[in-house]
Amino acid sequence: MIRFLLVCITVIGFLILSIPILIVEWIIGRFNPYKKDISSLHLIQSVFRFILWLTGVEVTIIGEELVPTDEAVLYIGNHRSFFDILLTYTRCPRLTGYIAKAEMEKIPLLSNWMHYLHCLFLDRKDIKKGLKTILSGIELIKSGISVCIFPEGTRSRNGNEIGEFKGGSFKSATKAKCPIVPVAIIDSYKAFDTKSIEPVTVQVHYLEPLYYDDYKMLKTNEIAEIVSKKIKKTIDNYTKC
């Protein structure tokens, strides 16, 4: 409970106290958009690292050297917990926007930072808006900004089990012809529930990327199945140890 309260205080406190920083970042962005992007990235990564430190959660990172750092990629991960964003965003080597549910765009200050970090908001109930979000993701990748999406569409409630990966989540990669980096997140669900945070050990596995030549002849649902199986196999191998 104490850790949970500390995290809540930190998040709310940062959002309120960061109002002047948002203004400064906006001004910087008017003259040097890239400088603003990088400073926002480093600031939020630092805040996320501090929050992870508060939680007492130990993070084991495996395979990070496999992630291409010289080009934008599409990260595809399984989704267990809100912690998944903290765990993965702190490891991003370059500008990276996350695909978030549309409801998050309504949260004051948080949505401002998410826009600064090139996050996109997906309305799954509106096909036309959903397509627009996918097209925006393609443009982000083409401009050199990586994109991260959790293709199950929602957080799983069944431990380390993964749900069906939606094929549409991979359209950004097929159109932008970028590498797809599967990310297997293990045991993050143990760290957080609605009222407490437990100092457990979680694992983040970056798997061998799929390059355009590997998947260019496949349909998006076929790519989804391949990536899903890679992530599931990794989770199964490590949870059985």
# chains A, B, ... in the order shown; residues from 1 in each chain; ligands from 1

call {"tool": "select_by_dssp", "arguments": {"residues": "region 10-139 of chain A", "states": "strand (DSSP E or B)", "output": "list in words"}}
result
Glu58, Val59, Thr60, Ile61, Ile62, Leu74, Tyr75, Ile76, Gly77, Thr96, Gly97, Tyr98, Ile99, Ala100, Lys101, Leu120, Phe121 and Leu122 of chain A

call {"tool": "write_last_selection", "arguments": {"atoms": "C-alpha atoms", "output": "CSV table (one decimal), in the first residue's frame"}}
result
chain,number,residue,atom,x,y,z
A,58,GLU,CA,13.6,-5.8,-10.1
A,59,VAL,CA,13.8,-5.9,-13.8
A,60,THR,CA,15.8,-8.4,-15.8
A,61,ILE,CA,16.5,-7.4,-19.4
A,62,ILE,CA,17.4,-10.1,-22.0
A,74,LEU,CA,7.7,-1.6,-34.6
A,75,TYR,CA,7.8,-3.1,-31.1
A,76,ILE,CA,5.2,-5.8,-30.5
A,77,GLY,CA,4.6,-6.9,-26.9
A,96,THR,CA,9.2,5.9,-29.6
A,97,GLY,CA,5.5,6.5,-29.7
A,98,TYR,CA,3.0,4.1,-28.0
A,99,ILE,CA,-0.4,3.2,-29.3
A,100,ALA,CA,-2.8,3.9,-26.4
A,101,LYS,CA,-6.5,3.6,-26.0
A,120,LEU,CA,-1.2,7.7,-30.8
A,121,PHE,CA,-4.7,7.2,-29.5
A,122,LEU,CA,-6.7,4.3,-30.9

call {"tool": "closest_atom_pairs", "arguments": {"of": "region 123-159 of chain A", "to": "region 30-48 of chain A", "cutoff": "12 Å", "atoms": "only C-alpha atoms", "output": "JSON lines"}}
result
{"residue": "A:Ser143", "atom": "CA", "partner": "A:Tyr34", "partner_atom": "CA", "distance": 11.5}
{"residue": "A:Gly144", "atom": "CA", "partner": "A:Tyr34", "partner_atom": "CA", "distance": 11.2}
{"residue": "A:Ile145", "atom": "CA", "partner": "A:Asp37", "partner_atom": "CA", "distance": 10.2}

call {"tool": "closest_residue", "arguments": {"among": "A:Glu208, A:Asp187, A:Glu222, A:Asp126", "to": "Ser169 (chain A)", "atoms": "only C-alpha atoms"}}
result
A:Glu222

call {"tool": "select_by_dssp", "arguments": {"residues": "region 127-172 of chain A", "states": "helix (DSSP H, G or I)", "output": "JSON, numbers by chain"}}
result
{"A": [127, 128, 129, 130, 131, 132, 133, 134, 135, 136, 137, 138, 139, 140, 141, 142, 167, 168, 169, 170, 171, 172]}

call {"tool": "write_last_selection", "arguments": {"atoms": "C-alpha atoms", "output": "PDB file, in the first residue's frame"}}
result
ATOM      1  CA  ILE A 127     -13.064   1.833 -37.752  1.00  0.00           C
ATOM      2  CA  LYS A 128     -12.412   5.086 -39.621  1.00  0.00           C
ATOM      3  CA  LYS A 129     -10.566   6.658 -36.669  1.00  0.00           C
ATOM      4  CA  GLY A 130      -8.711   3.395 -36.080  1.00  0.00           C
ATOM      5  CA  LEU A 131      -7.471   3.415 -39.680  1.00  0.00           C
ATOM      6  CA  LYS A 132      -6.351   7.016 -39.285  1.00  0.00           C
ATOM      7  CA  THR A 133      -4.302   6.011 -36.236  1.00  0.00           C
ATOM      8  CA  ILE A 134      -2.635   3.187 -38.163  1.00  0.00           C
ATOM      9  CA  LEU A 135      -1.786   5.585 -40.995  1.00  0.00           C
ATOM     10  CA  SER A 136      -0.298   7.997 -38.458  1.00  0.00           C
ATOM     11  CA  GLY A 137       1.812   5.142 -37.099  1.00  0.00           C
ATOM     12  CA  ILE A 138       3.147   4.465 -40.586  1.00  0.00           C
ATOM     13  CA  GLU A 139       4.151   8.106 -40.971  1.00  0.00           C
ATOM     14  CA  LEU A 140       5.874   8.088 -37.570  1.00  0.00           C
ATOM     15  CA  ILE A 141       8.009   5.089 -38.503  1.00  0.00           C
ATOM     16  CA  LYS A 142       8.855   6.541 -41.904  1.00  0.00           C
ATOM     17  CA  GLY A 167      -3.435  -8.598 -37.480  1.00  0.00           C
ATOM     18  CA  GLY A 168      -4.203  -4.922 -38.051  1.00  0.00           C
ATOM     19  CA  SER A 169      -1.560  -4.021 -35.488  1.00  0.00           C
ATOM     20  CA  PHE A 170       1.110  -5.029 -38.001  1.00  0.00           C
ATOM     21  CA  LYS A 171      -0.004  -2.784 -40.873  1.00  0.00           C
ATOM     22  CA  SER A 172       2.349  -0.034 -39.709  1.00  0.00           C
TER      23      SER A 172
END

call {"tool": "residues_around", "arguments": {"residues": "Arg91 (chain A)", "least_positions_apart": "3", "cutoff": "10 Å", "atoms": "only C-alpha atoms", "output": "PDB file with N, CA and C atoms, in the first residue's frame"}}
result
ATOM      1  N   GLN A  45      11.751   9.270 -19.426  1.00  0.00           N
ATOM      2  CA  GLN A  45      12.474   8.044 -19.086  1.00  0.00           C
ATOM      3  C   GLN A  45      13.044   8.133 -17.672  1.00  0.00           C
ATOM      4  N   ARG A  49      12.063   5.710 -14.556  1.00  0.00           N
ATOM      5  CA  ARG A  49      13.078   4.958 -13.799  1.00  0.00           C
ATOM      6  C   ARG A  49      12.918   5.211 -12.298  1.00  0.00           C
ATOM      7  N   ILE A  61      16.559  -7.661 -18.006  1.00  0.00           N
ATOM      8  CA  ILE A  61      16.455  -7.393 -19.439  1.00  0.00           C
ATOM      9  C   ILE A  61      17.309  -8.398 -20.199  1.00  0.00           C
ATOM     10  N   GLU A  64      18.446  -7.275 -25.317  1.00  0.00           N
ATOM     11  CA  GLU A  64      18.321  -5.875 -25.746  1.00  0.00           C
ATOM     12  C   GLU A  64      19.276  -5.528 -26.885  1.00  0.00           C
ATOM     13  N   LEU A  86       6.126   1.296 -18.329  1.00  0.00           N
ATOM     14  CA  LEU A  86       7.323   1.719 -17.594  1.00  0.00           C
ATOM     15  C   LEU A  86       8.521   0.853 -17.972  1.00  0.00           C
ATOM     16  N   LEU A  87       8.293  -0.458 -18.002  1.00  0.00           N
ATOM     17  CA  LEU A  87       9.377  -1.402 -18.255  1.00  0.00           C
ATOM     18  C   LEU A  87      10.002  -1.209 -19.622  1.00  0.00           C
ATOM     19  N   THR A  88       9.178  -0.977 -20.618  1.00  0.00           N
ATOM     20  CA  THR A  88       9.685  -0.918 -21.988  1.00  0.00           C
ATOM     21  C   THR A  88      10.123   0.490 -22.395  1.00  0.00           C
ATOM     22  N   ARG A  94      15.647   5.200 -28.863  1.00  0.00           N
ATOM     23  CA  ARG A  94      15.364   6.334 -29.743  1.00  0.00           C
ATOM     24  C   ARG A  94      13.914   6.766 -29.532  1.00  0.00           C
ATOM     25  N   VAL A 204      11.960  -8.779 -19.167  1.00  0.00           N
ATOM     26  CA  VAL A 204      11.636  -8.239 -20.489  1.00  0.00           C
ATOM     27  C   VAL A 204      12.617  -8.849 -21.482  1.00  0.00           C
TER      28      VAL A 204
END

call {"tool": "atom_distance", "arguments": {"atom1": "CA of Ile149 (chain A)", "atom2": "CA of Ile85 (chain A)"}}
result
10.1 Å

call {"tool": "residues_around", "arguments": {"residues": "Ala224 (chain A)", "least_positions_apart": "3", "cutoff": "8 Å", "atoms": "only C-alpha atoms", "output": "VMD selection string"}}
result
chain A and resid 165 to 167 170 220 to 221 227 to 228

call {"tool": "atom_distance", "arguments": {"atom1": "CA of Leu95 (chain A)", "atom2": "CA of Pro179 (chain A)"}}
result
15.2 Å

call {"tool": "closest_residue", "arguments": {"among": "A:Ser111, A:Tyr89, A:Met217, A:Lys177", "to": "Leu15 (chain A)", "atoms": "only C-alpha atoms"}}
result
A:Ser111

call {"tool": "closest_residue", "arguments": {"among": "A:Leu218, A:Ile197, A:Ile235, A:Leu52", "to": "Met1 (chain A)", "atoms": "only C-alpha atoms"}}
result
A:Ile197

call {"tool": "residues_around", "arguments": {"residues": "Ser196 (chain A)", "least_positions_apart": "6", "cutoff": "12 Å", "atoms": "only C-alpha atoms", "output": "list in words"}}
result
Met1, Ile2, Arg3, Phe4, Leu5, Leu6, Val7, Cys8, Thr55, Tyr189 and Lys190 of chain A

call {"tool": "atom_distance", "arguments": {"atom1": "CA of Gly63 (chain A)", "atom2": "CA of His205 (chain A)"}}
result
5.8 Å

call {"tool": "closest_residue", "arguments": {"among": "A:Thr174, A:Pro199, A:His79, A:Thr239", "to": "Lys219 (chain A)", "atoms": "only C-alpha atoms"}}
result
A:Thr174

call {"tool": "closest_residue", "arguments": {"among": "A:Ile226, A:Leu117, A:Leu110, A:Ala184", "to": "Phe150 (chain A)", "atoms": "only C-alpha atoms"}}
result
A:Ala184
